[in-house]
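Structure file input.cif (mmCIF, C-alpha atoms and all ligand atoms) follows.
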data_structure
#
loop_
_atom_site.group_PDB
_atom_site.id
_atom_site.type_symbol
_atom_site.label_atom_id
_atom_site.label_comp_id
_atom_site.auth_asym_id
_atom_site.auth_seq_id
_atom_site.Cartn_x
_atom_site.Cartn_y
_atom_site.Cartn_z
ATOM 1 C CA MET G 1 -24.226 -14.706 -29.478
ATOM 2 C CA ALA G 2 -24.103 -12.751 -26.245
ATOM 3 C CA LYS G 3 -21.018 -13.132 -24.101
ATOM 4 C CA LEU G 4 -19.822 -12.610 -20.551
ATOM 5 C CA TYR G 5 -16.893 -10.203 -20.569
ATOM 6 C CA TYR G 6 -14.497 -9.615 -17.691
ATOM 7 C CA LYS G 7 -12.311 -6.519 -17.970
ATOM 8 C CA PHE G 8 -9.959 -6.212 -15.027
ATOM 9 C CA GLY G 9 -7.214 -3.858 -13.978
ATOM 10 C CA ALA G 10 -5.310 -2.564 -10.944
ATOM 11 C CA MET G 11 -6.255 0.597 -9.043
ATOM 12 C CA GLY G 12 -6.140 3.662 -11.224
ATOM 13 C CA SER G 13 -6.445 1.800 -14.518
ATOM 14 C CA SER G 14 -9.592 3.828 -15.306
ATOM 15 C CA LYS G 15 -11.819 0.754 -15.282
ATOM 16 C CA THR G 16 -14.853 2.786 -14.208
ATOM 17 C CA ALA G 17 -14.199 5.394 -16.889
ATOM 18 C CA SER G 18 -13.992 2.581 -19.451
ATOM 19 C CA ALA G 19 -17.288 1.168 -18.166
ATOM 20 C CA LEU G 20 -18.949 4.570 -18.481
ATOM 21 C CA MET G 21 -17.554 5.189 -21.972
ATOM 22 C CA CYS G 22 -18.776 1.790 -23.034
ATOM 23 C CA ARG G 23 -22.249 2.645 -21.738
ATOM 24 C CA PHE G 24 -22.120 5.951 -23.588
ATOM 25 C CA ASN G 25 -21.235 4.238 -26.857
ATOM 26 C CA TYR G 26 -24.190 1.887 -26.546
ATOM 27 C CA LEU G 27 -26.597 4.700 -25.669
ATOM 28 C CA GLN G 28 -25.474 6.649 -28.731
ATOM 29 C CA LYS G 29 -26.557 3.718 -30.849
ATOM 30 C CA ASN G 30 -29.903 3.670 -29.014
ATOM 31 C CA ILE G 31 -29.042 0.444 -27.245
ATOM 32 C CA ASN G 32 -30.450 0.291 -23.712
ATOM 33 C CA VAL G 33 -27.958 -0.391 -20.945
ATOM 34 C CA LEU G 34 -28.587 -1.617 -17.414
ATOM 35 C CA LEU G 35 -25.686 -0.240 -15.342
ATOM 36 C CA MET G 36 -25.217 -1.924 -11.985
ATOM 37 C CA LYS G 37 -22.792 -2.022 -9.084
ATOM 38 C CA PRO G 38 -22.572 -3.783 -5.718
ATOM 39 C CA LYS G 39 -23.807 -1.720 -2.765
ATOM 40 C CA ILE G 40 -20.589 -2.321 -0.872
ATOM 41 C CA ASP G 41 -18.805 0.410 -2.796
ATOM 42 C CA ASN G 42 -20.200 3.466 -1.038
ATOM 43 C CA ARG G 43 -17.358 5.892 -1.619
ATOM 44 C CA PHE G 44 -19.733 7.918 -3.690
ATOM 45 C CA LYS G 45 -23.513 8.088 -3.946
ATOM 46 C CA GLU G 46 -25.138 4.693 -3.798
ATOM 47 C CA ASN G 47 -27.024 4.957 -7.068
ATOM 48 C CA GLU G 48 -24.287 6.466 -9.129
ATOM 49 C CA VAL G 49 -21.149 5.177 -10.795
ATOM 50 C CA VAL G 50 -18.429 7.812 -10.552
ATOM 51 C CA SER G 51 -14.996 7.666 -12.150
ATOM 52 C CA ARG G 52 -11.924 9.494 -10.919
ATOM 53 C CA ILE G 53 -11.703 11.531 -14.076
ATOM 54 C CA GLY G 54 -15.131 13.011 -13.442
ATOM 55 C CA LEU G 55 -17.509 10.921 -15.547
ATOM 56 C CA SER G 56 -20.610 9.631 -13.793
ATOM 57 C CA ALA G 57 -23.924 7.919 -14.501
ATOM 58 C CA PRO G 58 -26.927 6.725 -12.522
ATOM 59 C CA CYS G 59 -26.918 3.022 -11.728
ATOM 60 C CA LEU G 60 -28.750 0.286 -9.923
ATOM 61 C CA ALA G 61 -27.019 -0.723 -6.676
ATOM 62 C CA PHE G 62 -27.543 -4.313 -5.559
ATOM 63 C CA ALA G 63 -26.931 -5.984 -2.203
ATOM 64 C CA GLU G 64 -24.923 -9.130 -1.549
ATOM 65 C CA ASN G 65 -28.028 -11.281 -1.211
ATOM 66 C CA GLU G 66 -29.878 -9.974 -4.264
ATOM 67 C CA ASN G 67 -30.476 -12.158 -7.284
ATOM 68 C CA LEU G 68 -29.127 -10.431 -10.393
ATOM 69 C CA LEU G 69 -31.034 -12.710 -12.719
ATOM 70 C CA ASP G 70 -34.304 -11.610 -11.046
ATOM 71 C CA ILE G 71 -33.324 -7.954 -11.374
ATOM 72 C CA TYR G 72 -32.603 -8.463 -15.058
ATOM 73 C CA THR G 73 -35.719 -10.540 -15.750
ATOM 74 C CA GLU G 74 -37.955 -7.830 -14.282
ATOM 75 C CA GLN G 75 -36.789 -5.371 -16.914
ATOM 76 C CA ALA G 76 -35.634 -7.768 -19.624
ATOM 77 C CA ASP G 77 -37.895 -6.201 -22.245
ATOM 78 C CA LYS G 78 -35.995 -2.911 -22.120
ATOM 79 C CA VAL G 79 -32.440 -4.088 -21.385
ATOM 80 C CA GLN G 80 -30.123 -4.902 -24.273
ATOM 81 C CA VAL G 81 -26.770 -4.804 -22.476
ATOM 82 C CA VAL G 82 -25.733 -5.211 -18.830
ATOM 83 C CA ILE G 83 -22.648 -3.417 -17.456
ATOM 84 C CA VAL G 84 -21.389 -4.134 -13.919
ATOM 85 C CA ASP G 85 -18.820 -1.892 -12.241
ATOM 86 C CA GLU G 86 -16.696 -3.006 -9.233
ATOM 87 C CA CYS G 87 -17.622 -6.566 -10.188
ATOM 88 C CA GLN G 88 -14.983 -7.998 -7.821
ATOM 89 C CA PHE G 89 -17.464 -7.461 -4.987
ATOM 90 C CA CYS G 90 -20.077 -9.751 -6.560
ATOM 91 C CA THR G 91 -20.538 -13.083 -4.841
ATOM 92 C CA LYS G 92 -19.812 -16.314 -6.680
ATOM 93 C CA LYS G 93 -23.566 -16.856 -6.928
ATOM 94 C CA GLN G 94 -24.097 -13.452 -8.501
ATOM 95 C CA VAL G 95 -21.396 -14.089 -11.115
ATOM 96 C CA ASP G 96 -23.177 -17.319 -11.976
ATOM 97 C CA GLN G 97 -26.377 -15.295 -12.357
ATOM 98 C CA LEU G 98 -24.538 -12.879 -14.673
ATOM 99 C CA ARG G 99 -23.388 -15.939 -16.598
ATOM 100 C CA GLU G 100 -27.072 -16.852 -17.112
ATOM 101 C CA ILE G 101 -27.983 -13.310 -18.203
ATOM 102 C CA ALA G 102 -25.164 -13.461 -20.767
ATOM 103 C CA GLU G 103 -27.069 -16.252 -22.524
ATOM 104 C CA GLU G 104 -29.501 -13.518 -23.598
ATOM 105 C CA VAL G 105 -27.670 -10.195 -23.658
ATOM 106 C CA PRO G 106 -23.981 -9.168 -23.458
ATOM 107 C CA VAL G 107 -22.753 -8.681 -19.882
ATOM 108 C CA LEU G 108 -19.634 -6.565 -19.366
ATOM 109 C CA CYS G 109 -17.985 -6.714 -15.959
ATOM 110 C CA TYR G 110 -15.363 -4.165 -14.877
ATOM 111 C CA GLY G 111 -13.316 -4.468 -11.712
ATOM 112 C CA LEU G 112 -10.181 -5.415 -9.854
ATOM 113 C CA LYS G 113 -8.618 -8.839 -10.042
ATOM 114 C CA THR G 114 -6.835 -9.022 -6.679
ATOM 115 C CA ASN G 115 -7.147 -7.400 -3.261
ATOM 116 C CA PHE G 116 -4.406 -5.569 -1.320
ATOM 117 C CA LYS G 117 -2.901 -8.895 -0.292
ATOM 118 C CA GLY G 118 -2.545 -9.914 -3.929
ATOM 119 C CA GLU G 119 -5.301 -12.528 -3.659
ATOM 120 C CA LEU G 120 -8.313 -12.953 -5.939
ATOM 121 C CA PHE G 121 -11.646 -11.505 -4.844
ATOM 122 C CA GLU G 122 -14.547 -13.945 -4.768
ATOM 123 C CA GLY G 123 -16.185 -12.262 -7.780
ATOM 124 C CA SER G 124 -12.916 -12.016 -9.737
ATOM 125 C CA LYS G 125 -12.142 -15.666 -9.180
ATOM 126 C CA ARG G 126 -15.512 -16.766 -10.502
ATOM 127 C CA LEU G 127 -15.279 -14.408 -13.474
ATOM 128 C CA LEU G 128 -11.866 -15.792 -14.418
ATOM 129 C CA GLU G 129 -13.423 -19.231 -14.310
ATOM 130 C CA VAL G 130 -16.578 -18.609 -16.330
ATOM 131 C CA ALA G 131 -16.147 -15.497 -18.514
ATOM 132 C CA ASP G 132 -16.073 -15.927 -22.290
ATOM 133 C CA SER G 133 -13.692 -13.037 -22.720
ATOM 134 C CA ILE G 134 -11.036 -11.832 -20.278
ATOM 135 C CA GLN G 135 -9.243 -8.583 -20.933
ATOM 136 C CA GLU G 136 -6.727 -6.644 -18.883
ATOM 137 C CA ILE G 137 -6.911 -2.864 -18.657
ATOM 138 C CA LYS G 138 -3.287 -1.972 -18.013
ATOM 139 C CA SER G 139 -2.039 0.585 -15.530
ATOM 140 C CA VAL G 140 1.387 1.884 -14.699
ATOM 141 C CA CYS G 141 3.357 1.882 -11.446
ATOM 142 C CA GLU G 142 5.017 5.093 -10.224
ATOM 143 C CA CYS G 143 8.322 3.705 -11.556
ATOM 144 C CA GLY G 144 6.923 3.233 -15.048
ATOM 145 C CA LYS G 145 6.632 -0.545 -14.989
ATOM 146 C CA LYS G 146 3.313 -2.325 -15.373
ATOM 147 C CA ALA G 147 1.304 -2.296 -12.128
ATOM 148 C CA ILE G 148 -0.087 -5.587 -10.905
ATOM 149 C CA MET G 149 -0.527 -5.048 -7.151
ATOM 150 C CA ASN G 150 -3.042 -2.880 -5.291
ATOM 151 C CA GLY G 151 -1.132 -1.602 -2.269
ATOM 152 C CA ARG G 152 -3.170 -0.419 0.712
ATOM 153 C CA PHE G 153 -1.514 2.418 2.611
ATOM 154 C CA VAL G 154 -2.427 3.800 6.009
ATOM 155 C CA LYS G 155 -0.550 7.020 6.840
ATOM 156 C CA GLY G 156 1.914 6.283 4.070
ATOM 157 C CA VAL G 157 2.800 2.789 5.288
ATOM 158 C CA LEU G 158 1.849 -0.315 3.311
ATOM 159 C CA VAL G 159 -0.512 -2.649 5.176
ATOM 160 C CA THR G 160 -0.920 -6.271 4.224
ATOM 161 C CA ASP G 161 -3.399 -7.445 6.820
ATOM 162 C CA GLY G 162 -6.989 -6.547 7.671
ATOM 163 C CA GLY G 163 -10.348 -7.054 5.998
ATOM 164 C CA GLU G 164 -10.907 -6.962 2.255
ATOM 165 C CA ILE G 165 -13.246 -4.025 2.527
ATOM 166 C CA GLU G 166 -12.392 -1.069 4.723
ATOM 167 C CA ILE G 167 -15.048 1.583 4.791
ATOM 168 C CA GLY G 168 -14.542 5.022 6.253
ATOM 169 C CA GLY G 169 -10.872 4.370 7.096
ATOM 170 C CA ASP G 170 -8.107 6.725 6.094
ATOM 171 C CA GLU G 171 -6.468 4.199 3.837
ATOM 172 C CA LYS G 172 -5.304 4.948 0.322
ATOM 173 C CA TYR G 173 -4.585 2.605 -2.545
ATOM 174 C CA ARG G 174 -1.751 2.743 -5.015
ATOM 175 C CA ALA G 175 -1.158 0.526 -8.028
ATOM 176 C CA LEU G 176 2.354 -0.928 -7.871
ATOM 177 C CA CYS G 177 4.605 -3.248 -9.822
ATOM 178 C CA TRP G 178 5.933 -6.281 -7.984
ATOM 179 C CA SER G 179 9.348 -4.795 -7.168
ATOM 180 C CA CYS G 180 7.911 -1.524 -5.821
ATOM 181 C CA PHE G 181 5.407 -3.541 -3.791
ATOM 182 C CA LYS G 182 8.255 -5.537 -2.246
ATOM 183 C CA LYS G 183 10.154 -2.330 -1.522
ATOM 184 C CA GLU G 184 7.101 -0.881 0.226
ATOM 185 C CA GLN G 185 6.737 -4.071 2.255
ATOM 186 C CA GLU G 186 10.334 -3.738 3.426
ATOM 187 C CA ARG G 187 9.827 -0.074 4.292
ATOM 188 C CA ALA G 188 6.739 -0.932 6.325
ATOM 189 C CA LYS G 189 8.715 -3.537 8.237
ATOM 190 C CA ILE G 190 11.505 -1.093 9.053
ATOM 191 C CA TYR G 191 9.054 1.640 10.005
ATOM 192 C CA ASP G 192 7.084 -0.602 12.374
ATOM 193 C CA LYS G 193 10.266 -1.721 14.083
ATOM 194 C CA ILE G 194 12.017 1.573 14.610
ATOM 195 C CA ILE G 195 9.307 4.202 15.046
ATOM 196 C CA LYS G 196 8.608 3.138 18.650
ATOM 197 C CA TYR G 197 12.067 4.409 19.590
ATOM 198 C CA LEU G 198 10.984 7.969 18.884
ATOM 199 C CA LYS G 199 9.060 7.998 22.154
ATOM 200 C CA ILE G 200 11.772 6.095 24.030
ATOM 201 C CA PHE G 201 14.665 8.317 22.950
ATOM 202 C CA LYS G 202 12.699 11.511 23.467
ATOM 203 C CA ASP G 203 12.664 11.028 27.222
ATOM 204 C CA MET G 204 16.072 9.387 27.565
ATOM 205 C CA ASP G 205 18.621 11.235 29.722
ATOM 206 C CA SER G 206 21.396 8.684 29.545
ATOM 207 C CA ALA G 207 21.809 6.263 26.661
ATOM 208 C CA GLY G 208 24.507 4.199 28.398
ATOM 209 C CA GLN G 209 27.633 4.205 30.566
ATOM 210 C CA TRP G 210 31.225 4.653 29.511
ATOM 211 C CA SER G 211 33.414 1.764 30.382
ATOM 212 C CA GLY G 212 37.141 1.032 30.268
ATOM 213 C CA ASP G 213 38.593 -2.442 30.073
ATOM 214 C CA THR G 214 35.847 -5.025 30.198
ATOM 215 C CA ALA G 215 35.561 -8.610 29.297
ATOM 216 C CA ILE G 216 32.675 -9.623 27.085
ATOM 217 C CA ASP G 217 32.514 -13.328 26.293
ATOM 218 C CA ASN G 218 36.075 -13.664 27.637
ATOM 219 C CA ILE G 219 37.401 -11.093 25.173
ATOM 220 C CA VAL G 220 38.998 -8.171 26.970
ATOM 221 C CA LEU G 221 38.252 -4.785 25.445
ATOM 222 C CA HIS G 222 41.037 -2.297 26.085
ATOM 223 C CA THR G 223 39.436 0.700 24.458
ATOM 224 C CA PRO G 224 36.869 2.854 26.168
ATOM 225 C CA HIS G 225 33.398 2.050 24.912
ATOM 226 C CA VAL G 226 29.790 2.511 25.890
ATOM 227 C CA ILE G 227 27.672 -0.163 27.459
ATOM 228 C CA TYR G 228 24.341 0.871 26.048
ATOM 229 C CA ASP G 229 21.050 0.931 27.839
ATOM 230 C CA GLU G 230 18.863 -2.052 26.927
ATOM 231 C CA ASP G 231 16.484 0.008 24.784
ATOM 232 C CA VAL G 232 19.372 1.460 22.784
ATOM 233 C CA GLN G 233 20.905 -1.967 22.314
ATOM 234 C CA ASN G 234 17.528 -3.242 21.067
ATOM 235 C CA PHE G 235 17.384 -0.356 18.619
ATOM 236 C CA ILE G 236 20.859 -1.226 17.311
ATOM 237 C CA ASP G 237 19.874 -4.882 16.953
ATOM 238 C CA ASP G 238 16.518 -4.085 15.320
ATOM 239 C CA PHE G 239 18.168 -1.760 12.848
ATOM 240 C CA LYS G 240 20.914 -4.239 11.984
ATOM 241 C CA GLU G 241 18.293 -6.533 10.436
ATOM 242 C CA PHE G 242 17.910 -4.141 7.564
ATOM 243 C CA GLN G 243 20.940 -4.001 5.413
ATOM 244 C CA VAL G 244 21.267 -0.566 3.983
ATOM 245 C CA LYS G 245 23.757 -0.708 1.127
ATOM 246 C CA SER G 246 26.699 1.750 1.119
ATOM 247 C CA PRO G 247 25.167 4.099 3.694
ATOM 248 C CA GLU G 248 27.985 6.657 3.487
ATOM 249 C CA LYS G 249 27.406 7.364 -0.212
ATOM 250 C CA ASN G 250 24.678 9.967 0.056
ATOM 251 C CA ILE G 251 25.385 11.498 3.432
ATOM 252 C CA GLU G 252 26.861 15.002 3.428
ATOM 253 C CA SER G 253 28.985 14.479 6.532
ATOM 254 C CA ASP G 254 32.622 13.645 7.233
ATOM 255 C CA GLY G 255 31.458 11.562 10.164
ATOM 256 C CA SER G 256 32.197 14.207 12.803
ATOM 257 C CA ILE G 257 29.520 14.874 15.378
ATOM 258 C CA ASP G 258 29.241 18.505 14.290
ATOM 259 C CA SER G 259 28.689 17.690 10.636
ATOM 260 C CA LEU G 260 26.110 15.051 11.566
ATOM 261 C CA LYS G 261 24.193 17.487 13.752
ATOM 262 C CA LYS G 262 24.237 20.098 10.991
ATOM 263 C CA ILE G 263 22.447 17.926 8.437
ATOM 264 C CA VAL G 264 19.281 19.789 7.521
ATOM 265 C CA MET G 265 16.211 17.592 7.849
ATOM 266 C CA LYS G 266 13.935 19.507 5.526
ATOM 267 C CA ASP G 267 13.220 17.509 2.329
ATOM 268 C CA LYS G 268 15.155 14.429 3.469
ATOM 269 C CA ASP G 269 13.256 11.330 2.397
ATOM 270 C CA PHE G 270 12.680 8.012 4.133
ATOM 271 C CA ASP G 271 15.532 6.195 2.384
ATOM 272 C CA TYR G 272 17.987 8.978 3.142
ATOM 273 C CA MET G 273 17.084 8.814 6.845
ATOM 274 C CA LEU G 274 17.666 5.064 6.947
ATOM 275 C CA GLN G 275 21.047 5.558 5.299
ATOM 276 C CA LEU G 276 21.923 8.251 7.819
ATOM 277 C CA ILE G 277 21.168 6.034 10.824
ATOM 278 C CA SER G 278 22.950 3.127 9.211
ATOM 279 C CA PHE G 279 25.979 5.399 8.627
ATOM 280 C CA VAL G 280 26.077 6.352 12.322
ATOM 281 C CA LEU G 281 25.797 2.756 13.507
ATOM 282 C CA LYS G 282 28.694 1.859 11.221
ATOM 283 C CA LEU G 283 30.741 4.786 12.566
ATOM 284 C CA GLU G 284 30.025 3.796 16.156
ATOM 285 C CA LYS G 285 32.514 0.939 15.758
ATOM 286 C CA SER G 286 35.409 3.325 15.128
ATOM 287 C CA LYS G 287 33.988 6.206 17.163
ATOM 288 C CA PRO G 288 32.526 4.641 20.287
ATOM 289 C CA GLY G 289 30.002 6.823 22.064
ATOM 290 C CA LEU G 290 28.802 8.631 18.928
ATOM 291 C CA LEU G 291 25.323 7.186 19.234
ATOM 292 C CA LYS G 292 25.223 8.094 22.941
ATOM 293 C CA LEU G 293 25.928 11.738 22.093
ATOM 294 C CA LEU G 294 23.356 11.823 19.307
ATOM 295 C CA ILE G 295 20.656 10.300 21.493
ATOM 296 C CA GLU G 296 21.340 12.467 24.516
ATOM 297 C CA ASP G 297 21.389 15.768 22.638
ATOM 298 C CA GLY G 298 18.124 14.937 20.823
ATOM 299 C CA THR G 299 19.592 14.547 17.313
ATOM 300 C CA LEU G 300 18.392 10.980 16.885
ATOM 301 C CA THR G 301 14.912 11.953 18.065
ATOM 302 C CA LYS G 302 14.942 14.656 15.403
ATOM 303 C CA TRP G 303 15.909 12.073 12.781
ATOM 304 C CA LEU G 304 13.183 9.641 13.832
ATOM 305 C CA ARG G 305 10.702 12.492 13.775
ATOM 306 C CA GLN G 306 11.731 13.161 10.160
ATOM 307 C CA ILE G 307 11.112 9.492 9.323
ATOM 308 C CA LYS G 308 7.637 9.780 10.792
ATOM 309 C CA LYS G 309 7.046 12.962 8.833
ATOM 310 C CA CYS G 310 8.101 11.309 5.545
ATOM 311 C CA VAL G 311 5.562 8.570 6.151
ATOM 312 C CA ASP G 312 2.754 10.786 7.435
ATOM 313 C CA GLU G 313 2.993 13.074 4.436
ATOM 314 C CA LYS G 314 3.006 10.360 1.834
HETATM 315 ZN ZN ZN G 401 7.246 0.027 -9.735
#

For this file, write the structure as structure tokens.
Amino acid sequence: MAKLYYKFGAMGSSKTASALMCRFNYLQKNINVLLMKPKIDNRFKENEVVSRIGLSAPCLAFAENENLLDIYTEQADKVQVVIVDECQFCTKKQVDQLREIAEEVPVLCYGLKTNFKGELFEGSKRLLEVADSIQEIKSVCECGKKAIMNGRFVKGVLVTDGGEIEIGGDEKYRALCWSCFKKEQERAKIYDKIIKYLKIFKDMDSAGQWSGDTAIDNIVLHTPHVIYDEDVQNFIDDFKEFQVKSPEKNIESDGSIDSLKKIVMKDKDFDYMLQLISFVLKLEKSKPGLLKLLIEDGTLTKWLRQIKKCVDEK
């Protein structure tokens, strides 16, 4: 009895390589294979299935409105097995047509299960519903855990909105476990919020005015402090939303302005930079005016530039 097989995996799980090896095994036994893929995947040549590890084979590319049962029927006398790569891009209708083909010959479908938002593709959904056999091809996150999410990154920042198919963009995909995906989501949130201050602080001559005794909400402050410019205050408030745990732990500074300015940026990563800023904001309470100095002499701009660099290079 022929069956409909669905073999899914996250990005980088070598699904395509598995599809091509499967084809190879059949061909070695003189079994004819019809290799197909949806036209939508045009990263490589249209009529070729190419895996990241360098294997490739000619294939038949079909459009969204094409009937796969018709394609099969036309050459049914010489086809003994059908293999579909990137099957997530099939329409529901096309999966149903594959289901019909599988009444006659085995149909093996390889592809992703979910998109970059963690939602099922139309083709994947239908395959999960109607396949006889469902098998996961496992892949590993950078941290070593099992990857289940396909993170879409633009310039190193995770994006969770946009269309399912982006063609010609400069996006990259990385397979992630759930906790790394959440971490990347948090990083993207922080990045979006604070990177705009790079431009603002770059051109800022005065970050705020020194003040003596003032009353704020009827509480009189007797120590000199800085009333910060609105943009700086917004930065402080925006940053406060992200709780960086024990910021002073990793920072090689005694908290003096000189030691802070001397911190070498080269090789400092995104998380370090967040800890550094968090450290300064914490210090500001006991050393009023510290932030003012660091903004006005360009140190904070340098730090934000490093954050941008970390993201751009990723
Ligand atoms: Zn992970």

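Neighbours of Leu281 of chain G closer than or equal to 10 Å, with all atoms listed in the file counted and sequence neighbours fewer than 3 positions away skipped, come out as Ile236, Phe239, Lys240, Pro247, Gln275, Leu276, Ile277, Ser278, Glu284, Lys285, Ser286, Lys287, Pro288, Leu290 and Leu291 of chain G.
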
Just-selected residues, C-alpha atoms written as an mmCIF file, in the coordinates of the input:
data_model
loop_
_atom_site.group_PDB
_atom_site.id
_atom_site.type_symbol
_atom_site.label_atom_id
_atom_site.label_comp_id
_atom_site.auth_asym_id
_atom_site.auth_seq_id
_atom_site.Cartn_x
_atom_site.Cartn_y
_atom_site.Cartn_z
ATOM 1 C CA ILE G 236 20.859 -1.226 17.311
ATOM 2 C CA PHE G 239 18.168 -1.760 12.848
ATOM 3 C CA LYS G 240 20.914 -4.239 11.984
ATOM 4 C CA PRO G 247 25.167 4.099 3.694
ATOM 5 C CA GLN G 275 21.047 5.558 5.299
ATOM 6 C CA LEU G 276 21.923 8.251 7.819
ATOM 7 C CA ILE G 277 21.168 6.034 10.824
ATOM 8 C CA SER G 278 22.950 3.127 9.211
ATOM 9 C CA GLU G 284 30.025 3.796 16.156
ATOM 10 C CA LYS G 285 32.514 0.939 15.758
ATOM 11 C CA SER G 286 35.409 3.325 15.128
ATOM 12 C CA LYS G 287 33.988 6.206 17.163
ATOM 13 C CA PRO G 288 32.526 4.641 20.287
ATOM 14 C CA LEU G 290 28.802 8.631 18.928
ATOM 15 C CA LEU G 291 25.323 7.186 19.234
#

Would you kindly translate the PyMOL selection byres (((chain G and resi 129) around 12) and not hetatm) into the concrete residues it picks from this file, as a list in words?
-> Leu4, Tyr5, Tyr6, Lys92, Val95, Asp96, Arg99, Leu120, Glu122, Gly123, Ser124, Lys125, Arg126, Leu127, Leu128, Val130, Ala131, Asp132, Ser133 and Ile134 of chain G

For the structure provided, state which residues fall under the PyMOL selection byres (((not hetatm)) within 8 of (chain G and resi 401)), and present them as an mmCIF file with C-alpha atoms, keeping the file's coordinate frame.
data_model
loop_
_atom_site.group_PDB
_atom_site.id
_atom_site.type_symbol
_atom_site.label_atom_id
_atom_site.label_comp_id
_atom_site.auth_asym_id
_atom_site.auth_seq_id
_atom_site.Cartn_x
_atom_site.Cartn_y
_atom_site.Cartn_z
ATOM 1 C CA VAL G 140 1.387 1.884 -14.699
ATOM 2 C CA CYS G 141 3.357 1.882 -11.446
ATOM 3 C CA GLU G 142 5.017 5.093 -10.224
ATOM 4 C CA CYS G 143 8.322 3.705 -11.556
ATOM 5 C CA GLY G 144 6.923 3.233 -15.048
ATOM 6 C CA LYS G 145 6.632 -0.545 -14.989
ATOM 7 C CA LYS G 146 3.313 -2.325 -15.373
ATOM 8 C CA ALA G 147 1.304 -2.296 -12.128
ATOM 9 C CA LEU G 176 2.354 -0.928 -7.871
ATOM 10 C CA CYS G 177 4.605 -3.248 -9.822
ATOM 11 C CA TRP G 178 5.933 -6.281 -7.984
ATOM 12 C CA SER G 179 9.348 -4.795 -7.168
ATOM 13 C CA CYS G 180 7.911 -1.524 -5.821
ATOM 14 C CA PHE G 181 5.407 -3.541 -3.791
#

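The spacing separating atom CA of Pro58 of chain G from atom CA of Leu35 of chain G amounts to 7.6 Å.
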
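Nearest to Tyr173 of chain G of all the residues G:Leu69, G:Ile257, G:Met149, G:Ile194 is G:Met149, based on only C-alpha atoms.
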
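In terms of minimum interatomic distance to Thr16 of chain G, G:Cys109 ranks closest within G:Ala61, G:Cys109, G:Leu300, G:Leu34, counting all atoms listed in the file.
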
Taking the file as shown, what set of residues would the PyMOL selection byres (((chain G and resi 156) around 10) and not hetatm) give back, as a VMD selection string?
-> chain G and resid 152 to 155 157 to 159 171 to 173 184 188 308 to 314

Residues near Lys262 of chain G, cut-off 10 Å, all atoms listed in the file, skip fewer than 6 positions along chain, as number ranges by chain | G: 252-253, 299

What does the distance between atom CA of Ala10 of chain G and atom CA of Lys183 of chain G come to in Å, to one decimal place?
-> 18.1 Å

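Compared by their closest atoms to Glu248 of chain G, and using only C-alpha atoms, the residues G:Lys282, G:Lys261, G:Val82, G:Asp271 rank with G:Lys282 nearest.
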
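Residues lying within 8 Å of Gly118 of chain G, counting all atoms listed in the file and ignoring same-chain neighbours fewer than 3 positions away, are Thr114, Asn115, Met149 and Asn150 of chain G.
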
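Of the listed residues (G:Asp231, G:Asn25, G:Ala63, G:Pro106), G:Pro106 comes nearest to Ile83 of chain G; the distances count all atoms listed in the file.
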
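If all atoms listed in the file are the atoms counted, then among G:Lys189, G:Lys138, G:Lys93, G:Lys199 the closest residue to Glu64 of chain G is G:Lys93.
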
Report the distance between atom CA of Trp303 of chain G and atom CA of Met273 of chain G in Å, rounded to one decimal place.
-> 6.9 Å

Quick one: axis-aligned box around all listed atoms of segment 222-231 of chain G, 6 Å on every side, centre and edge lengths in Å to one decimal, written as lines of an AutoDock Vina configuration file.
center_x = 28.8
center_y = 0.3
center_z = 26.1
size_x = 36.6
size_y = 17.2
size_z = 15.4

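For the set G:Val107, G:Asp205, G:Glu66, G:Lys113, the residue with the smallest atom-to-atom gap to Glu86 of chain G is G:Lys113, counting all atoms listed in the file.
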
Cut-off 9 Å around (29.8, -1.5, 25.4) with all atoms listed in the file: residues as a PyMOL selection string = chain G and resi 208-211+214+216+224-228+288-289

Polymer residues at most 10 Å from Tyr110 of chain G, only C-alpha atoms, same-chain spacing of 6 or more positions, as a PyMOL selection string | chain G and resi 5-9+14-19+37+83-88+124+135-137
